[in-house]
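Asks: Have a peek at query_10.cif (mmCIF, C-alpha atoms).
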data_target
loop_
_atom_site.group_PDB
_atom_site.id
_atom_site.type_symbol
_atom_site.label_atom_id
_atom_site.label_comp_id
_atom_site.auth_asym_id
_atom_site.auth_seq_id
_atom_site.Cartn_x
_atom_site.Cartn_y
_atom_site.Cartn_z
ATOM 1 C CA HIS D 1 80.520 -51.643 -102.090
ATOM 2 C CA LYS D 2 83.409 -54.038 -102.522
ATOM 3 C CA SER D 3 85.634 -51.272 -103.866
ATOM 4 C CA GLU D 4 85.117 -49.062 -100.804
ATOM 5 C CA PRO D 5 87.611 -50.003 -98.080
ATOM 6 C CA VAL D 6 85.816 -48.011 -95.377
ATOM 7 C CA VAL D 7 82.540 -49.809 -96.077
ATOM 8 C CA GLN D 8 84.310 -53.172 -96.044
ATOM 9 C CA GLU D 9 86.111 -52.293 -92.804
ATOM 10 C CA LYS D 10 82.840 -51.268 -91.129
ATOM 11 C CA ALA D 11 81.199 -54.495 -92.333
ATOM 12 C CA CYS D 12 84.038 -56.534 -90.808
ATOM 13 C CA GLU D 13 83.876 -54.473 -87.627
ATOM 14 C CA THR D 14 80.137 -55.088 -87.303
ATOM 15 C CA LEU D 15 80.598 -58.798 -87.970
ATOM 16 C CA GLY D 16 83.329 -58.824 -85.344
ATOM 17 C CA TYR D 17 80.939 -57.527 -82.711
ATOM 18 C CA LEU D 18 78.184 -59.919 -83.745
ATOM 19 C CA VAL D 19 80.230 -63.112 -83.856
ATOM 20 C CA ARG D 20 81.489 -62.703 -80.296
ATOM 21 C CA ASN D 21 78.107 -64.041 -79.216
ATOM 22 C CA ARG D 22 77.985 -67.783 -79.924
ATOM 23 C CA SER D 23 74.308 -67.985 -80.879
ATOM 24 C CA ILE D 24 74.631 -65.014 -83.204
ATOM 25 C CA ARG D 25 77.876 -66.490 -84.599
ATOM 26 C CA LEU D 26 75.972 -69.609 -85.671
ATOM 27 C CA GLN D 27 73.359 -67.471 -87.417
ATOM 28 C CA VAL D 28 76.028 -65.352 -89.130
ATOM 29 C CA LEU D 29 77.758 -68.488 -90.416
ATOM 30 C CA GLN D 30 74.544 -69.444 -92.204
ATOM 31 C CA LEU D 31 74.970 -66.251 -94.254
ATOM 32 C CA GLU D 32 78.370 -67.541 -95.415
ATOM 33 C CA PRO D 33 80.404 -64.396 -94.661
ATOM 34 C CA ILE D 34 83.801 -66.035 -95.106
ATOM 35 C CA GLU D 35 84.153 -65.248 -98.809
ATOM 36 C CA MET D 36 83.198 -61.614 -98.171
ATOM 37 C CA ILE D 37 85.772 -61.265 -95.397
ATOM 38 C CA LEU D 38 88.576 -62.886 -97.379
ATOM 39 C CA GLY D 39 87.594 -60.926 -100.488
ATOM 40 C CA ALA D 40 87.860 -57.684 -98.515
ATOM 41 C CA MET D 41 91.325 -58.714 -97.319
ATOM 42 C CA ASP D 42 92.371 -59.377 -100.917
ATOM 43 C CA SER D 43 90.874 -56.167 -102.274
ATOM 44 C CA HIS D 44 92.364 -53.851 -99.658
ATOM 45 C CA PRO D 45 95.662 -55.301 -98.386
ATOM 46 C CA ASN D 46 97.040 -51.903 -97.333
ATOM 47 C CA GLN D 47 94.053 -50.963 -95.182
ATOM 48 C CA ALA D 48 95.268 -51.813 -91.690
ATOM 49 C CA LYS D 49 91.933 -51.359 -89.923
ATOM 50 C CA LEU D 50 90.137 -53.597 -92.412
ATOM 51 C CA GLN D 51 92.835 -56.269 -92.050
ATOM 52 C CA LEU D 52 92.621 -55.961 -88.257
ATOM 53 C CA ARG D 53 88.847 -56.379 -88.267
ATOM 54 C CA ALA D 54 89.011 -59.305 -90.695
ATOM 55 C CA CYS D 55 91.568 -61.141 -88.535
ATOM 56 C CA GLY D 56 89.319 -60.603 -85.529
ATOM 57 C CA VAL D 57 86.292 -62.024 -87.320
ATOM 58 C CA ILE D 58 88.326 -65.042 -88.453
ATOM 59 C CA TRP D 59 89.428 -65.581 -84.848
ATOM 60 C CA PHE D 60 85.843 -65.817 -83.639
ATOM 61 C CA LEU D 61 84.420 -67.690 -86.631
ATOM 62 C CA ALA D 62 87.053 -70.437 -86.439
ATOM 63 C CA GLU D 63 85.402 -72.021 -83.421
ATOM 64 C CA CYS D 64 84.682 -75.406 -84.964
ATOM 65 C CA GLN D 65 86.677 -77.719 -87.207
ATOM 66 C CA GLU D 66 84.292 -77.390 -90.145
ATOM 67 C CA VAL D 67 84.745 -73.605 -90.255
ATOM 68 C CA GLN D 68 88.495 -73.899 -89.637
ATOM 69 C CA LEU D 69 88.823 -76.241 -92.615
ATOM 70 C CA ARG D 70 86.729 -73.969 -94.807
ATOM 71 C CA LEU D 71 88.808 -70.933 -93.879
ATOM 72 C CA LEU D 72 92.036 -72.766 -94.621
ATOM 73 C CA ARG D 73 90.669 -74.188 -97.886
ATOM 74 C CA LEU D 74 89.854 -70.618 -98.931
ATOM 75 C CA ASP D 75 93.439 -69.553 -98.101
ATOM 76 C CA ALA D 76 92.685 -67.546 -94.953
ATOM 77 C CA GLY D 77 96.097 -68.499 -93.548
ATOM 78 C CA SER D 78 97.973 -66.863 -96.421
ATOM 79 C CA LYS D 79 95.791 -63.775 -96.194
ATOM 80 C CA ILE D 80 96.530 -63.415 -92.470
ATOM 81 C CA VAL D 81 100.259 -63.869 -93.109
ATOM 82 C CA GLN D 82 100.102 -61.161 -95.774
ATOM 83 C CA ALA D 83 98.297 -58.833 -93.359
ATOM 84 C CA MET D 84 101.045 -59.460 -90.790
ATOM 85 C CA LYS D 85 103.724 -58.640 -93.380
ATOM 86 C CA ASN D 86 101.938 -55.534 -94.665
ATOM 87 C CA HIS D 87 101.293 -54.175 -91.171
ATOM 88 C CA SER D 88 104.254 -55.579 -89.287
ATOM 89 C CA HIS D 89 104.239 -52.932 -86.531
ATOM 90 C CA ASP D 90 100.475 -52.751 -85.913
ATOM 91 C CA GLU D 91 100.175 -54.266 -82.446
ATOM 92 C CA GLU D 92 96.403 -54.756 -82.523
ATOM 93 C CA LEU D 93 96.453 -56.435 -85.912
ATOM 94 C CA LEU D 94 99.305 -58.725 -84.896
ATOM 95 C CA ILE D 95 97.444 -59.755 -81.738
ATOM 96 C CA GLN D 96 94.304 -60.556 -83.730
ATOM 97 C CA ALA D 97 96.333 -62.451 -86.334
ATOM 98 C CA CYS D 98 98.072 -64.572 -83.689
ATOM 99 C CA ALA D 99 94.756 -65.264 -81.968
ATOM 100 C CA ALA D 100 93.242 -66.285 -85.306
ATOM 101 C CA PHE D 101 96.134 -68.668 -85.986
ATOM 102 C CA HIS D 102 95.787 -70.167 -82.522
ATOM 103 C CA ARG D 103 92.112 -70.887 -83.159
ATOM 104 C CA LEU D 104 92.702 -72.139 -86.712
ATOM 105 C CA ALA D 105 95.396 -74.557 -85.506
ATOM 106 C CA LEU D 106 93.334 -76.251 -82.788
ATOM 107 C CA GLU D 107 93.042 -79.375 -84.920
ATOM 108 C CA GLU D 108 96.384 -81.055 -85.565
ATOM 109 C CA VAL D 109 95.798 -81.413 -89.309
ATOM 110 C CA ASN D 110 95.195 -77.659 -89.496
ATOM 111 C CA ALA D 111 98.351 -76.985 -87.505
ATOM 112 C CA LEU D 112 100.344 -78.839 -90.153
ATOM 113 C CA THR D 113 98.757 -76.771 -92.931
ATOM 114 C CA ILE D 114 99.456 -73.551 -91.062
ATOM 115 C CA ARG D 115 103.032 -74.494 -90.234
ATOM 116 C CA ASN D 116 103.669 -74.987 -93.964
ATOM 117 C CA LEU D 117 102.816 -71.297 -94.482
ATOM 118 C CA ASN D 118 105.858 -70.295 -92.372
ATOM 119 C CA VAL D 119 103.513 -68.745 -89.841
ATOM 120 C CA VAL D 120 105.879 -69.339 -86.934
ATOM 121 C CA LYS D 121 108.484 -67.138 -88.635
ATOM 122 C CA GLU D 122 105.915 -64.342 -89.037
ATOM 123 C CA ILE D 123 104.816 -64.691 -85.416
ATOM 124 C CA GLU D 124 108.432 -64.414 -84.276
ATOM 125 C CA LYS D 125 108.916 -61.317 -86.454
ATOM 126 C CA ALA D 126 105.782 -59.798 -84.924
ATOM 127 C CA THR D 127 107.119 -60.156 -81.393
ATOM 128 C CA GLU D 128 110.458 -58.688 -82.517
ATOM 129 C CA ASN D 129 108.701 -55.717 -84.148
ATOM 130 C CA VAL D 130 106.561 -54.958 -81.086
ATOM 131 C CA PRO D 131 108.691 -56.337 -78.234
ATOM 132 C CA SER D 132 107.009 -54.441 -75.406
ATOM 133 C CA SER D 133 103.513 -55.830 -76.065
ATOM 134 C CA ILE D 134 102.556 -58.330 -73.379
ATOM 135 C CA PRO D 135 99.230 -59.222 -75.070
ATOM 136 C CA LEU D 136 101.063 -59.882 -78.338
ATOM 137 C CA ARG D 137 103.629 -62.094 -76.614
ATOM 138 C CA TYR D 138 100.789 -64.003 -74.929
ATOM 139 C CA HIS D 139 98.840 -64.653 -78.152
ATOM 140 C CA ALA D 140 102.029 -65.305 -80.130
ATOM 141 C CA ARG D 141 103.142 -67.929 -77.625
ATOM 142 C CA LYS D 142 99.750 -69.651 -77.647
ATOM 143 C CA ALA D 143 99.729 -69.715 -81.458
ATOM 144 C CA LYS D 144 103.304 -70.978 -81.744
ATOM 145 C CA ASP D 145 102.740 -73.682 -79.134
ATOM 146 C CA ILE D 146 99.714 -75.106 -80.865
ATOM 147 C CA ILE D 147 101.183 -74.830 -84.371
ATOM 148 C CA LEU D 148 104.398 -76.581 -83.345
ATOM 149 C CA ARG D 149 102.868 -79.221 -81.075
ATOM 150 C CA SER D 150 102.330 -81.773 -83.824
ATOM 151 C CA SER D 151 106.016 -81.761 -84.706
ATOM 152 C CA GLY D 152 107.086 -82.172 -81.104
ATOM 153 C CA ARG D 153 108.874 -78.770 -81.199
ATOM 154 C CA THR D 154 107.915 -75.996 -78.754
#
How does the structure come out when it is put into structure tokens?

Replies:
Amino acid sequence: HKSEPVVQEKACETLGYLVRNRSIRLQVLQLEPIEMILGAMDSHPNQAKLQLRACGVIWFLAECQEVQLRLLRLDAGSKIVQAMKNHSHDEELLIQACAAFHRLALEEVNALTIRNLNVVKEIEKATENVPSSIPLRYHARKAKDIILRSSGRT
């Protein structure tokens, strides 16, 4: 059902609930869901709810360096940036995207990769587009701080 955005969105939503539990997250990772999630993002870039759910799953899956590296190798960063551009006023999506970038950038080498995607610029645009969102400002600040830390700029 790769061509059905609603099915893909519900799959990402279900994964999102499952991966919040650490022991279940480890089991889910054995099923190698990353390609499915990123494929859904590619196939349905204009489906805000699917993009929101996918960013949320990425946020929770990116707990360890091995998964972070795999996500970045499979271009998750660019897909999240595209979701932010396509849905630039969707507060929930922007929060999830910033949280995902914060988690992906925990390792300094990943922060460098992410910074090269001009993520900081997109995060700043997000806070300009939804200026009244305190949760967005919180997650945006955390993401920016960790992305910029390796360059000494904050």

Asks: May I ask which of the residues D:Leu136, D:Leu61, D:Leu52, D:Ile80 is the closest one to Ile34 of chain D, counting all atoms listed in the file?

Replies: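 Distance minimum relative to Ile34 of chain D lands on D:Leu61.
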
Asks: With distances taken over only C-alpha atoms, which of D:Ile58, D:Leu38, D:Ala83, D:Glu91 is nearest to Ser132 of chain D?

Replies: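 Going through D:Ile58, D:Leu38, D:Ala83, D:Glu91 one by one, the smallest distance to Ser132 of chain D is for D:Glu91.
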
Asks: Residues at most 7 Å from Arg103 of chain D, counting all atoms listed in the file, excluding those fewer than 5 positions away in the same chain, as a count of residues only?

Replies: 3

Asks: Write out as a PyMOL selection string each polymer residue whose atoms come within 9 Å of Lys49 of chain D, counting all atoms listed in the file; drop sequence neighbours fewer than 4 positions from it.

Replies: chain D and resi 6+9+13+53-54+93

Asks: In terms of the shortest atom-to-atom distance over only C-alpha atoms, which of D:Gly56, D:Gln82, D:His44, D:Lys125 is closest to Thr14 of chain D?

Replies: D:Gly56

Asks: Have a look at atom CA of Leu29 of chain D and atom CA of Gln47 of chain D and let me know their distance in Å, one decimal.

Replies: 24.4 Å

Asks: Could you list the residues chosen by the PyMOL selection byres ((chain D and resi 104-117) around 7) in this structure as a list in words?

Replies: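 Output from the PyMOL selection byres ((chain D and resi 104-117) around 7), applied to this file: Ala62, Gln65, Gln68, Gly77, Ser78, Ala100, Phe101, His102, Arg103, Asn118, Val119, Val120, Ile146, Ile147 and Ser150 of chain D.
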
Asks: Can those selected residues be exported to a file as a PDB file, in the coordinates of the input so that it contains C-alpha atoms?

Replies:
ATOM      1  CA  ALA D  62      87.053 -70.437 -86.439  1.00  0.00           C
ATOM      2  CA  GLN D  65      86.677 -77.719 -87.207  1.00  0.00           C
ATOM      3  CA  GLN D  68      88.495 -73.899 -89.637  1.00  0.00           C
ATOM      4  CA  GLY D  77      96.097 -68.499 -93.548  1.00  0.00           C
ATOM      5  CA  SER D  78      97.973 -66.863 -96.421  1.00  0.00           C
ATOM      6  CA  ALA D 100      93.242 -66.285 -85.306  1.00  0.00           C
ATOM      7  CA  PHE D 101      96.134 -68.668 -85.986  1.00  0.00           C
ATOM      8  CA  HIS D 102      95.787 -70.167 -82.522  1.00  0.00           C
ATOM      9  CA  ARG D 103      92.112 -70.887 -83.159  1.00  0.00           C
ATOM     10  CA  ASN D 118     105.858 -70.295 -92.372  1.00  0.00           C
ATOM     11  CA  VAL D 119     103.513 -68.745 -89.841  1.00  0.00           C
ATOM     12  CA  VAL D 120     105.879 -69.339 -86.934  1.00  0.00           C
ATOM     13  CA  ILE D 146      99.714 -75.106 -80.865  1.00  0.00           C
ATOM     14  CA  ILE D 147     101.183 -74.830 -84.371  1.00  0.00           C
ATOM     15  CA  SER D 150     102.330 -81.773 -83.824  1.00  0.00           C
TER      16      SER D 150
END

Asks: Using the chain letters and numbering of this document, enumerate as number ranges by chain the residues selected by the PyMOL selection byres ((chain D and resi 94) around 10).

Replies: D: 51-52, 55, 80-81, 83-85, 87-93, 95-100, 122-123, 126-127, 129-130, 135-137, 139-140

Asks: Enclose all atoms of segment 98-113 of chain D listed in the file in an axis-aligned box, grow every side by 8 Å, and hand back centre and edge lengths in Å to one decimal, as lines of an AutoDock Vina configuration file.

Replies:
center_x = 96.2
center_y = -73.0
center_z = -87.4
size_x = 24.2
size_y = 32.8
size_z = 27.0

Asks: Which distance in Å separates atom CA of Val57 of chain D and atom CA of Tyr17 of chain D, to one decimal?

Replies: 8.4 Å

Asks: Have a look at atom CA of Cys12 of chain D and atom CA of Gln27 of chain D and let me know their distance in Å, one decimal.

Replies: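 About the pair atom CA of Cys12 of chain D and atom CA of Gln27 of chain D: they are 15.7 Å apart.
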
Asks: For Leu50 of chain D, which residue out of D:Arg20, D:Arg73, D:Ile37, D:Leu26 is the nearest one, using only C-alpha atoms?

Replies: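 Looking at the shortest contact to Leu50 of chain D, the residue is D:Ile37.
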
Asks: Counting all atoms listed in the file, what is within 10 Å of Glu35 of chain D, bar same-chain residues fewer than 2 positions away, as a VMD selection string?

Replies: chain D and resid 32 to 33 37 to 41 70 to 71 74 76
